[in-house]
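A.B. asks: Below is the file data24.txt, which contains compact mmCIF, C-alpha atoms (C1' of nucleotides).
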# COMPACT_ATOMS: atom_id res chain seq x y z
CA MET N 1364 -18.21 -3.40 -31.27
CA CYS N 1365 -19.21 -5.88 -33.89
CA TYR N 1366 -21.60 -8.72 -33.16
CA HIS N 1367 -23.39 -8.98 -36.49
CA SER N 1368 -21.62 -9.31 -39.84
CA SER N 1369 -22.13 -10.11 -43.51
CA ILE N 1370 -20.12 -11.74 -46.29
CA THR N 1371 -21.93 -11.94 -49.60
CA LYS N 1372 -19.22 -12.37 -52.23
CA SER N 1373 -18.69 -15.62 -54.11
CA ARG N 1374 -16.12 -18.24 -53.20
CA GLU N 1375 -14.05 -17.21 -56.23
CA GLU N 1376 -14.13 -13.55 -55.24
CA LEU N 1377 -12.94 -14.34 -51.71
CA GLU N 1378 -10.12 -16.54 -52.96
CA ALA N 1379 -8.98 -13.87 -55.41
CA ALA N 1380 -9.23 -11.00 -52.92
CA PHE N 1381 -7.11 -12.73 -50.28
CA ASP N 1382 -4.88 -14.94 -52.45
CA ALA N 1383 -6.00 -18.05 -50.55
CA ARG N 1384 -8.11 -21.16 -51.17
CA PHE N 1385 -11.04 -22.53 -49.17
CA ALA N 1386 -10.05 -25.52 -47.09
CA GLU N 1387 -13.57 -26.89 -47.58
CA PRO N 1388 -15.02 -25.11 -50.66
CA GLN N 1389 -18.28 -27.07 -50.53
CA ASP N 1390 -19.05 -25.65 -47.08
CA TYR N 1391 -19.00 -21.98 -48.09
CA GLN N 1392 -22.27 -20.15 -48.61
CA PRO N 1393 -22.62 -16.36 -48.60
CA ILE N 1394 -23.89 -15.07 -45.25
CA PHE N 1395 -26.21 -12.08 -45.61
CA HIS N 1396 -26.61 -11.75 -41.87
CA GLY N 1397 -24.70 -13.71 -39.24
CA ASN N 1398 -25.28 -13.21 -35.51
CA GLY N 1399 -22.14 -13.76 -33.46
CA PHE N 1400 -24.19 -14.95 -30.49
CA THR N 1401 -24.98 -18.12 -32.42
CA PHE N 1402 -21.21 -18.81 -32.58
CA LEU N 1403 -21.56 -19.58 -36.27
CA ARG N 1404 -18.65 -20.61 -38.46
CA TRP N 1405 -17.13 -17.70 -40.34
CA PRO N 1406 -14.43 -17.46 -43.03
CA VAL N 1407 -11.04 -16.58 -41.52
CA ILE N 1408 -7.39 -16.79 -42.57
CA THR N 1409 -5.01 -17.79 -39.79
CA ALA N 1410 -1.30 -17.14 -39.34
CA GLU N 1411 -0.78 -20.89 -39.26
CA HIS N 1412 -2.33 -21.41 -42.71
CA PRO N 1413 -2.13 -18.07 -44.54
CA LYS N 1414 -3.13 -19.60 -47.90
CA LEU N 1415 -6.28 -21.22 -46.55
CA ILE N 1416 -9.72 -19.79 -45.87
CA GLN N 1417 -11.23 -21.79 -43.00
CA GLY N 1418 -14.51 -21.74 -41.09
CA TYR N 1419 -13.90 -20.87 -37.42
CA HIS N 1420 -16.53 -20.37 -34.75
CA TRP N 1421 -17.13 -16.78 -33.66
CA GLY N 1422 -16.52 -16.31 -29.90
CA LEU N 1423 -12.98 -17.15 -28.75
CA ILE N 1424 -12.54 -20.04 -26.31
CA PRO N 1425 -9.03 -19.94 -24.77
CA PHE N 1426 -7.09 -23.21 -24.89
CA TRP N 1427 -6.92 -23.25 -21.07
CA CYS N 1428 -10.68 -23.52 -20.52
CA LYS N 1429 -11.21 -26.49 -18.23
CA SER N 1430 -14.63 -27.64 -19.39
CA ARG N 1431 -17.22 -27.20 -22.09
CA GLU N 1432 -19.46 -25.51 -19.51
CA ALA N 1433 -16.76 -22.94 -18.71
CA ALA N 1434 -16.18 -22.44 -22.44
CA ASP N 1435 -19.87 -21.81 -23.08
CA GLU N 1436 -19.96 -19.18 -20.35
CA LEU N 1437 -16.87 -17.41 -21.61
CA ARG N 1438 -17.47 -17.39 -25.38
CA VAL N 1439 -20.54 -15.19 -24.99
CA HIS N 1440 -18.18 -12.44 -23.86
CA THR N 1441 -15.35 -12.95 -26.31
CA LEU N 1442 -17.02 -12.12 -29.62
CA ASN N 1443 -14.97 -8.90 -29.48
CA ALA N 1444 -11.69 -7.98 -27.78
CA VAL N 1445 -10.81 -4.41 -26.80
CA SER N 1446 -7.57 -3.79 -28.68
CA GLU N 1447 -6.24 -1.40 -26.03
CA THR N 1448 -6.22 -4.15 -23.37
CA VAL N 1449 -5.53 -7.42 -25.26
CA PHE N 1450 -1.93 -7.55 -24.07
CA GLU N 1451 -3.16 -7.90 -20.48
CA LYS N 1452 -6.28 -10.06 -20.77
CA PRO N 1453 -5.86 -13.76 -19.85
CA SER N 1454 -8.28 -14.76 -22.60
CA PHE N 1455 -6.32 -13.04 -25.36
CA LYS N 1456 -2.71 -12.32 -24.42
CA HIS N 1457 -1.42 -15.75 -25.39
CA CYS N 1458 -2.85 -15.31 -28.92
CA ILE N 1459 -1.13 -12.09 -29.83
CA ARG N 1460 2.23 -13.45 -30.85
CA GLN N 1461 1.33 -16.40 -33.06
CA LYS N 1462 -2.45 -16.58 -33.36
CA ARG N 1463 -3.57 -13.53 -35.28
CA CYS N 1464 -6.10 -13.93 -38.08
CA LEU N 1465 -8.06 -12.10 -40.77
CA VAL N 1466 -11.83 -12.16 -40.32
CA LEU N 1467 -13.30 -11.77 -43.81
CA SER N 1468 -16.33 -9.53 -44.33
CA SER N 1469 -18.20 -7.41 -46.82
CA GLY N 1470 -20.10 -5.40 -44.19
CA PHE N 1471 -21.28 -5.35 -40.60
CA PHE N 1472 -24.32 -4.19 -38.65
CA GLU N 1473 -24.77 -1.62 -35.90
CA TRP N 1474 -27.80 -0.12 -34.16
CA ARG N 1475 -28.51 3.55 -33.76
CA THR N 1476 -30.62 4.61 -30.79
CA SER N 1477 -33.12 7.41 -31.35
CA GLY N 1478 -35.51 8.16 -28.54
CA LYS N 1479 -36.45 4.80 -27.08
CA LEU N 1480 -36.11 2.88 -30.32
CA LYS N 1481 -33.17 1.30 -32.08
CA TYR N 1482 -32.64 1.22 -35.81
CA PRO N 1483 -30.27 -1.14 -37.59
CA TYR N 1484 -27.64 0.09 -40.05
CA PHE N 1485 -25.47 -1.75 -42.54
CA VAL N 1486 -21.88 -0.51 -42.72
CA THR N 1487 -19.53 -1.20 -45.66
CA LEU N 1488 -16.53 0.24 -47.42
CA LYS N 1489 -17.51 2.88 -49.95
CA SER N 1490 -15.87 0.71 -52.59
CA ARG N 1491 -18.13 -2.20 -51.51
CA GLU N 1492 -15.02 -4.35 -51.61
CA LEU N 1493 -14.28 -7.22 -49.26
CA PHE N 1494 -12.18 -6.33 -46.22
CA ALA N 1495 -10.47 -8.05 -43.31
CA MET N 1496 -11.12 -7.35 -39.67
CA ALA N 1497 -8.21 -8.00 -37.33
CA GLY N 1498 -8.84 -11.08 -35.22
CA LEU N 1499 -7.27 -13.52 -32.78
CA TYR N 1500 -7.94 -17.27 -32.77
CA ASP N 1501 -7.44 -20.29 -30.57
CA ARG N 1502 -8.19 -24.00 -30.38
CA PHE N 1503 -10.10 -25.53 -27.46
CA THR N 1504 -10.25 -29.24 -26.79
CA ASP N 1505 -13.02 -30.59 -24.56
CA GLN N 1506 -11.19 -33.05 -22.31
CA GLN N 1507 -14.42 -34.94 -21.61
CA THR N 1508 -15.37 -35.70 -25.21
CA GLY N 1509 -12.26 -34.92 -27.23
CA GLU N 1510 -14.24 -32.37 -29.26
CA VAL N 1511 -12.04 -29.68 -30.83
CA ILE N 1512 -13.47 -26.18 -31.36
CA ASP N 1513 -11.60 -23.61 -33.47
CA THR N 1514 -12.71 -20.09 -32.54
CA PHE N 1515 -11.88 -16.42 -33.11
CA THR N 1516 -12.59 -12.93 -31.80
CA VAL N 1517 -12.76 -9.54 -33.56
CA LEU N 1518 -10.61 -6.71 -32.22
CA THR N 1519 -12.29 -3.34 -31.65
CA THR N 1520 -10.96 0.22 -31.73
CA PRO N 1521 -12.44 3.59 -30.79
CA ALA N 1522 -15.15 4.64 -33.25
CA ASN N 1523 -14.34 6.89 -36.18
CA ALA N 1524 -16.57 9.86 -37.07
CA LEU N 1525 -18.97 7.78 -39.16
CA MET N 1526 -19.49 5.19 -36.44
CA GLU N 1527 -19.98 7.88 -33.82
CA LYS N 1528 -23.01 9.05 -35.80
CA ILE N 1529 -24.66 5.74 -35.16
CA HIS N 1530 -25.49 6.49 -31.53
CA ASN N 1531 -25.59 3.00 -30.15
CA SER N 1532 -22.06 2.26 -31.20
CA LYS N 1533 -20.44 5.63 -30.96
CA LYS N 1534 -17.63 4.39 -28.83
CA ARG N 1535 -16.31 1.34 -30.62
CA MET N 1536 -15.96 -0.25 -34.05
CA PRO N 1537 -14.24 -3.34 -35.44
CA ALA N 1538 -10.55 -3.01 -36.31
CA ILE N 1539 -10.49 -3.05 -40.12
CA LEU N 1540 -7.14 -3.56 -41.80
CA LYS N 1541 -5.99 -1.65 -44.84
CA LYS N 1542 -5.48 -4.00 -47.76
CA ASP N 1543 -1.71 -3.45 -47.78
CA GLN N 1544 -1.45 -4.23 -44.05
CA GLU N 1545 -3.20 -7.59 -44.06
CA GLN N 1546 -0.07 -9.67 -44.57
CA GLU N 1547 1.84 -7.81 -41.88
CA TRP N 1548 -1.00 -8.40 -39.41
CA LEU N 1549 -1.03 -12.06 -40.30
CA LEU N 1550 2.67 -12.84 -40.53
CA GLY N 1551 4.70 -9.96 -39.07
CA GLU N 1552 6.79 -10.01 -35.92
CA LEU N 1553 4.69 -7.50 -34.02
CA ASN N 1554 5.86 -5.80 -30.90
CA LYS N 1555 3.40 -3.56 -29.11
CA THR N 1556 4.26 -0.52 -31.20
CA ALA N 1557 3.91 -2.38 -34.50
CA PHE N 1558 0.68 -3.97 -33.28
CA TYR N 1559 -0.96 -0.63 -32.54
CA ARG N 1560 0.30 0.90 -35.77
CA LEU N 1561 -1.98 -1.58 -37.56
CA ILE N 1562 -4.93 -1.46 -35.16
CA THR N 1563 -6.44 2.00 -35.61
CA PRO N 1564 -9.89 3.33 -36.49
CA TYR N 1565 -10.48 2.95 -40.24
CA ASP N 1566 -10.66 6.10 -42.39
CA THR N 1567 -14.20 7.51 -42.16
CA ASN N 1568 -14.02 8.79 -45.73
CA ASP N 1569 -13.65 5.25 -47.07
CA MET N 1570 -16.73 3.89 -45.27
CA GLN N 1571 -20.49 4.25 -45.65
CA ALA N 1572 -23.60 3.28 -43.68
CA TYR N 1573 -27.35 3.22 -44.34
CA SER N 1574 -30.40 2.18 -42.37
CA ILE N 1575 -32.06 -1.17 -43.08
CA SER N 1576 -35.29 -2.87 -42.04
CA LYS N 1577 -35.71 -4.80 -38.80
CA ARG N 1578 -35.84 -8.09 -40.68
CA ILE N 1579 -32.31 -8.57 -39.38
CA THR N 1580 -33.57 -9.41 -35.89
CA SER N 1581 -36.85 -11.08 -36.78
CA ARG N 1582 -37.44 -14.32 -34.90
CA SER N 1583 -40.31 -15.42 -37.10
CA GLU N 1584 -38.49 -14.99 -40.42
CA ASN N 1585 -35.01 -16.06 -41.50
CA SER N 1586 -32.69 -13.05 -41.37
CA ASN N 1587 -30.02 -14.66 -43.54
CA VAL N 1588 -31.51 -13.48 -46.83
CA PRO N 1589 -30.44 -10.83 -49.39
CA GLU N 1590 -33.36 -8.53 -48.52
CA VAL N 1591 -31.88 -7.91 -45.07
CA LEU N 1592 -29.31 -5.64 -46.74
CA ALA N 1593 -31.84 -3.47 -48.61
CA PRO N 1594 -31.93 0.23 -47.61
CA HIS N 1595 -34.95 1.11 -45.48
CA HIS N 1596 -36.07 4.60 -44.57
CA TYR N 1597 -37.40 5.47 -41.11
CA GLU N 1598 -39.43 8.64 -40.68
CA ALA N 1599 -38.09 8.95 -37.15
CA LEU N 1600 -34.51 9.21 -38.40
CA ASN N 1601 -33.23 12.37 -40.02
CA ASP N 1602 -31.19 10.77 -42.75
C1' DC V 384 -26.43 -7.17 -29.92
C1' DC V 385 -31.94 -7.77 -29.95
C1' DA V 386 -36.42 -10.50 -29.19
C1' DG V 387 -39.24 -12.53 -26.29
C1' DA V 388 -40.54 -14.34 -22.02
C1' DC V 389 -42.02 -13.36 -17.63
C1' DG V 390 -46.89 -18.61 -14.80
C1' DT V 391 -49.71 -22.62 -13.24
C1' DT V 392 -51.83 -27.30 -13.59
C1' DG V 393 -52.30 -31.32 -15.95
C1' DT V 394 -51.59 -34.13 -19.85
C1' DT V 395 -53.60 -35.71 -26.98
C1' DG T 560 -2.36 -20.97 -18.14
C1' DT T 561 -2.03 -16.91 -15.21
C1' DC T 562 -3.54 -13.32 -12.29
C1' DT T 563 -6.08 -11.27 -8.33
C1' DG T 564 -8.27 -11.33 -3.93
C1' DG T 565 -8.91 -13.31 0.56
C1' DC C 941 -1.29 -20.64 0.34
C1' DC C 942 -5.88 -21.73 -2.50
C1' DA C 943 -10.21 -20.25 -5.05
C1' DG C 944 -12.05 -18.18 -8.66
C1' DA C 945 -11.98 -15.36 -12.61
C1' DC C 946 -10.75 -15.06 -17.16
C1' DG C 947 -15.49 -10.45 -21.15
C1' DT C 948 -18.10 -6.78 -23.88
C1' DT C 949 -21.26 -2.86 -24.43
C1' DG C 950 -23.89 1.27 -22.96
C1' DT C 951 -25.83 4.99 -20.09
C1' DT C 952 -30.61 9.98 -26.21
C1' DG Z 335 -37.83 -4.13 -15.45
C1' DT Z 336 -34.83 -8.02 -16.16
C1' DC Z 337 -33.31 -12.36 -17.68
C1' DT Z 338 -32.49 -15.98 -21.23
C1' DG Z 339 -31.74 -17.63 -25.80
C1' DG Z 340 -30.23 -17.04 -30.53
Just give me the structure of the file as structure tokens.
C.D. replies:
Amino acid sequence: MCYHSSITKSREELEAAFDARFAEPQDYQPIFHGNGFTFLRWPVITAEHPKLIQGYHWGLIPFWCKSREAADELRVHTLNAVSETVFEKPSFKHCIRQKRCLVLSSGFFEWRTSGKLKYPYFVTLKSRELFAMAGLYDRFTDQQTGEVIDTFTVLTTPANALMEKIHNSKKRMPAILKKDQEQEWLLGELNKTAFYRLITPYDTNDMQAYSISKRITSRSENSNVPEVLAPHHYEALND
DNA sequence: CCAGACGTTGTT
DNA sequence: GTCTGG
DNA sequence: CCAGACGTTGTT
DNA sequence: GTCTGG
């Protein structure tokens, strides 16, 4: 799963890493911690505009939603999409052919359960480079108000060995694309076989994770600050 | 996902 | 829009 | 036929 | 314990 993510590189670094330009450069600010349940705007690259980095709302709302109320109920549950079942799910199946996207990130957050307590971890590539998670996107129009909402979801795969160590998320992890597979995900003609050749658990040896403080879920202090990413040791954890 | 509320009456 | 359950 | 759902995670 | 809100 992946409900909390981070993207801390500069606008220039993102544009260089993905060979694309921000549609609205003035809107981009690094996000140290973003909570998907706030449906915040996040940098993505869509199949429709592969040379643009755009801000889409996390939590996919299918085009067929009949009302804003129905959309608000559904989007809570579509922050992630189980890759093994997306070809069958009404919320996602129509996106697979033409509405795949790259969800840009420099790291994401998971919780490890130990005893009765949960401890947050920050997960990155060992290289600390930017990466792209495989996503799907859609556009919803509220027929009452005319409001248009562009949204996306992050595909998940079974956990690799590193993610299994973080108890709370041992079963699932976001689908991270290898750098040389990003363009095929975005623009390829993908049948089921080709789709699942790209959507696999990322190589454990190229990832790292460390525990961080609980600032990330503080309600009294802003969690979107650099300090949220600082390593934090817990006596209760043996690492 | 986690944090925080979870209740009533009456009203600066 | 499309599928399932009654 | 129509009505209603449409989704994810975890269970140390 | 369980639900709501972010």
A.B. asks: Show me, as an MDAnalysis selection string, the residues of chain V whose atoms get within 8 Å of chain N, using only C-alpha atoms (C1' of nucleotides) for the distance check.
C.D. replies: chainID V and resid 384:386
A.B. asks: What are the residues of chain T that have an atom within 8 Å of an atom of chain N, counting only C-alpha atoms (C1' of nucleotides), as a ChimeraX atom specification?
C.D. replies: /T:560-562
A.B. asks: To one decimal place, how far is CA of Thr1519 in chain N from CA of Ser1576 in chain N in Å?
C.D. replies: 25.2 Å
A.B. asks: Just how far from CA of Leu1415 in chain N is CA of Thr1514 in chain N, in Å to one decimal?
C.D. replies: 15.5 Å
A.B. asks: Measure the distance from CA of Gly1470 in chain N to CA of Met1536 in chain N in Å and round it to one decimal.
C.D. replies: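 So the answer is 12.1 Å.
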A.B. asks: With only C-alpha atoms (C1' of nucleotides) as the counted atoms, please give the residues lying no more than 12 Å from Tyr1484 in chain N, apart from itself and same-chain residues fewer than 6 positions off, as a PyMOL selection string.
C.D. replies: chain N and resi 1367-1368+1470-1476+1525-1526+1528-1532+1571-1580+1591-1597+1600+1602
A.B. asks: Compile the contact shell of DT338 in chain Z as number ranges by chain: residues with an atom at most 10 Å away, counting all atoms listed in the file, same-chain residues fewer than 2 positions apart removed.
C.D. replies: V: 387-388; Z: 336, 340
A.B. asks: Give, as lines of an AutoDock Vina configuration file, the centre coordinates and the x, y and z edge lengths in Å to one decimal for an axis-aligned box around all listed atoms of chain Z, padded by 4 Å on each side.
C.D. replies:
center_x = -34.0
center_y = -10.9
center_z = -23.0
size_x = 15.6
size_y = 21.5
size_z = 23.1
A.B. asks: Write out as a PDB file with C-alpha atoms, in the coordinates of the input the residues lying within 7 Å of range 1501-1511 of chain N, counting all atoms listed in the file and excluding same-chain residues fewer than 4 positions away.
C.D. replies:
ATOM      1  CA  LEU N1423     -12.980 -17.150 -28.750  1.00  0.00           C
ATOM      2  CA  ILE N1424     -12.540 -20.040 -26.310  1.00  0.00           C
ATOM      3  CA  PRO N1425      -9.030 -19.940 -24.770  1.00  0.00           C
ATOM      4  CA  PHE N1426      -7.090 -23.210 -24.890  1.00  0.00           C
ATOM      5  CA  SER N1430     -14.630 -27.640 -19.390  1.00  0.00           C
ATOM      6  CA  ARG N1431     -17.220 -27.200 -22.090  1.00  0.00           C
ATOM      7  CA  CYS N1458      -2.850 -15.310 -28.920  1.00  0.00           C
ATOM      8  CA  LYS N1462      -2.450 -16.580 -33.360  1.00  0.00           C
ATOM      9  CA  PHE N1515     -11.880 -16.420 -33.110  1.00  0.00           C
TER      10      PHE N1515
END
A.B. asks: Write out as a CSV table (one decimal) with C-alpha atoms, keeping the file's coordinate frame the residues lying within 10 Å of Glu1447 in chain N, counting only C-alpha atoms (C1' of nucleotides) and excluding same-chain residues fewer than 4 positions away.
C.D. replies:
chain,number,residue,atom,x,y,z
N,1451,GLU,CA,-3.2,-7.9,-20.5
N,1518,LEU,CA,-10.6,-6.7,-32.2
N,1519,THR,CA,-12.3,-3.3,-31.6
N,1520,THR,CA,-11.0,0.2,-31.7
N,1521,PRO,CA,-12.4,3.6,-30.8
N,1559,TYR,CA,-1.0,-0.6,-32.5
N,1562,ILE,CA,-4.9,-1.5,-35.2
A.B. asks: Where atoms are absent from range 1518-1529 of chain N, fill them in so it carries all heavy atoms, then output it as a PDB file, in the coordinates of the input.
C.D. replies:
ATOM      1  N   LEU N1518     -11.135  -7.833 -33.000  1.00  0.00           N
ATOM      2  CA  LEU N1518     -10.610  -6.710 -32.220  1.00  0.00           C
ATOM      3  C   LEU N1518     -11.446  -5.453 -32.502  1.00  0.00           C
ATOM      4  O   LEU N1518     -11.925  -5.259 -33.611  1.00  0.00           O
ATOM      5  CB  LEU N1518      -9.159  -6.417 -32.579  1.00  0.00           C
ATOM      6  CG  LEU N1518      -8.135  -7.506 -32.283  1.00  0.00           C
ATOM      7  CD1 LEU N1518      -6.725  -6.958 -32.461  1.00  0.00           C
ATOM      8  CD2 LEU N1518      -8.301  -8.050 -30.883  1.00  0.00           C
ATOM      9  N   THR N1519     -11.590  -4.610 -31.472  1.00  0.00           N
ATOM     10  CA  THR N1519     -12.290  -3.340 -31.650  1.00  0.00           C
ATOM     11  C   THR N1519     -11.352  -2.173 -31.336  1.00  0.00           C
ATOM     12  O   THR N1519     -10.381  -2.303 -30.588  1.00  0.00           O
ATOM     13  CB  THR N1519     -13.524  -3.232 -30.744  1.00  0.00           C
ATOM     14  OG1 THR N1519     -13.123  -3.213 -29.376  1.00  0.00           O
ATOM     15  CG2 THR N1519     -14.491  -4.368 -30.984  1.00  0.00           C
ATOM     16  N   THR N1520     -11.693  -1.031 -31.942  1.00  0.00           N
ATOM     17  CA  THR N1520     -10.960   0.220 -31.730  1.00  0.00           C
ATOM     18  C   THR N1520     -11.981   1.297 -31.362  1.00  0.00           C
ATOM     19  O   THR N1520     -13.189   1.071 -31.469  1.00  0.00           O
ATOM     20  CB  THR N1520     -10.235   0.687 -33.006  1.00  0.00           C
ATOM     21  OG1 THR N1520     -11.221   1.135 -33.947  1.00  0.00           O
ATOM     22  CG2 THR N1520      -9.413  -0.430 -33.619  1.00  0.00           C
ATOM     23  N   PRO N1521     -11.505   2.476 -30.949  1.00  0.00           N
ATOM     24  CA  PRO N1521     -12.440   3.590 -30.790  1.00  0.00           C
ATOM     25  C   PRO N1521     -13.156   3.864 -32.118  1.00  0.00           C
ATOM     26  O   PRO N1521     -12.610   3.604 -33.190  1.00  0.00           O
ATOM     27  CB  PRO N1521     -11.530   4.765 -30.405  1.00  0.00           C
ATOM     28  CG  PRO N1521     -10.327   4.112 -29.795  1.00  0.00           C
ATOM     29  CD  PRO N1521     -10.133   2.842 -30.552  1.00  0.00           C
ATOM     30  N   ALA N1522     -14.369   4.365 -32.041  1.00  0.00           N
ATOM     31  CA  ALA N1522     -15.150   4.640 -33.250  1.00  0.00           C
ATOM     32  C   ALA N1522     -14.555   5.792 -34.040  1.00  0.00           C
ATOM     33  O   ALA N1522     -14.004   6.742 -33.464  1.00  0.00           O
ATOM     34  CB  ALA N1522     -16.590   4.972 -32.863  1.00  0.00           C
ATOM     35  N   ASN N1523     -14.677   5.728 -35.366  1.00  0.00           N
ATOM     36  CA  ASN N1523     -14.340   6.890 -36.180  1.00  0.00           C
ATOM     37  C   ASN N1523     -15.582   7.787 -36.282  1.00  0.00           C
ATOM     38  O   ASN N1523     -16.615   7.508 -35.661  1.00  0.00           O
ATOM     39  CB  ASN N1523     -13.812   6.458 -37.562  1.00  0.00           C
ATOM     40  CG  ASN N1523     -14.858   5.729 -38.384  1.00  0.00           C
ATOM     41  OD1 ASN N1523     -16.052   5.846 -38.138  1.00  0.00           O
ATOM     42  ND2 ASN N1523     -14.396   4.979 -39.373  1.00  0.00           N
ATOM     43  N   ALA N1524     -15.478   8.881 -37.035  1.00  0.00           N
ATOM     44  CA  ALA N1524     -16.570   9.860 -37.070  1.00  0.00           C
ATOM     45  C   ALA N1524     -17.870   9.255 -37.601  1.00  0.00           C
ATOM     46  O   ALA N1524     -18.959   9.546 -37.088  1.00  0.00           O
ATOM     47  CB  ALA N1524     -16.167  11.060 -37.921  1.00  0.00           C
ATOM     48  N   LEU N1525     -17.758   8.391 -38.606  1.00  0.00           N
ATOM     49  CA  LEU N1525     -18.970   7.780 -39.160  1.00  0.00           C
ATOM     50  C   LEU N1525     -19.661   6.914 -38.118  1.00  0.00           C
ATOM     51  O   LEU N1525     -20.881   6.998 -37.926  1.00  0.00           O
ATOM     52  CB  LEU N1525     -18.622   6.931 -40.385  1.00  0.00           C
ATOM     53  CG  LEU N1525     -19.786   6.123 -40.958  1.00  0.00           C
ATOM     54  CD1 LEU N1525     -20.818   7.041 -41.602  1.00  0.00           C
ATOM     55  CD2 LEU N1525     -19.302   5.082 -41.964  1.00  0.00           C
ATOM     56  N   MET N1526     -18.896   6.101 -37.409  1.00  0.00           N
ATOM     57  CA  MET N1526     -19.490   5.190 -36.440  1.00  0.00           C
ATOM     58  C   MET N1526     -20.030   5.935 -35.217  1.00  0.00           C
ATOM     59  O   MET N1526     -20.955   5.469 -34.559  1.00  0.00           O
ATOM     60  CB  MET N1526     -18.470   4.127 -36.018  1.00  0.00           C
ATOM     61  CG  MET N1526     -18.008   3.232 -37.155  1.00  0.00           C
ATOM     62  SD  MET N1526     -19.358   2.508 -38.103  1.00  0.00           S
ATOM     63  CE  MET N1526     -20.161   1.574 -36.831  1.00  0.00           C
ATOM     64  N   GLU N1527     -19.445   7.079 -34.924  1.00  0.00           N
ATOM     65  CA  GLU N1527     -19.980   7.880 -33.820  1.00  0.00           C
ATOM     66  C   GLU N1527     -21.384   8.387 -34.122  1.00  0.00           C
ATOM     67  O   GLU N1527     -22.177   8.624 -33.219  1.00  0.00           O
ATOM     68  CB  GLU N1527     -19.062   9.076 -33.544  1.00  0.00           C
ATOM     69  CG  GLU N1527     -17.834   8.704 -32.754  1.00  0.00           C
ATOM     70  CD  GLU N1527     -16.981   9.927 -32.423  1.00  0.00           C
ATOM     71  OE1 GLU N1527     -17.383  11.052 -32.775  1.00  0.00           O
ATOM     72  OE2 GLU N1527     -15.914   9.730 -31.818  1.00  0.00           O
ATOM     73  N   LYS N1528     -21.682   8.554 -35.403  1.00  0.00           N
ATOM     74  CA  LYS N1528     -23.010   9.050 -35.800  1.00  0.00           C
ATOM     75  C   LYS N1528     -24.092   8.025 -35.493  1.00  0.00           C
ATOM     76  O   LYS N1528     -25.251   8.366 -35.309  1.00  0.00           O
ATOM     77  CB  LYS N1528     -23.023   9.370 -37.300  1.00  0.00           C
ATOM     78  CG  LYS N1528     -22.376  10.697 -37.638  1.00  0.00           C
ATOM     79  CD  LYS N1528     -22.753  11.070 -39.060  1.00  0.00           C
ATOM     80  CE  LYS N1528     -21.607  11.786 -39.752  1.00  0.00           C
ATOM     81  NZ  LYS N1528     -21.732  11.737 -41.217  1.00  0.00           N
ATOM     82  N   ILE N1529     -23.700   6.775 -35.496  1.00  0.00           N
ATOM     83  CA  ILE N1529     -24.660   5.740 -35.160  1.00  0.00           C
ATOM     84  C   ILE N1529     -24.615   5.606 -33.637  1.00  0.00           C
ATOM     85  O   ILE N1529     -23.762   4.938 -33.082  1.00  0.00           O
ATOM     86  CB  ILE N1529     -24.316   4.424 -35.869  1.00  0.00           C
ATOM     87  CG1 ILE N1529     -24.350   4.663 -37.382  1.00  0.00           C
ATOM     88  CG2 ILE N1529     -25.294   3.329 -35.466  1.00  0.00           C
ATOM     89  CD1 ILE N1529     -23.878   3.489 -38.204  1.00  0.00           C
TER      90      ILE N1529
END
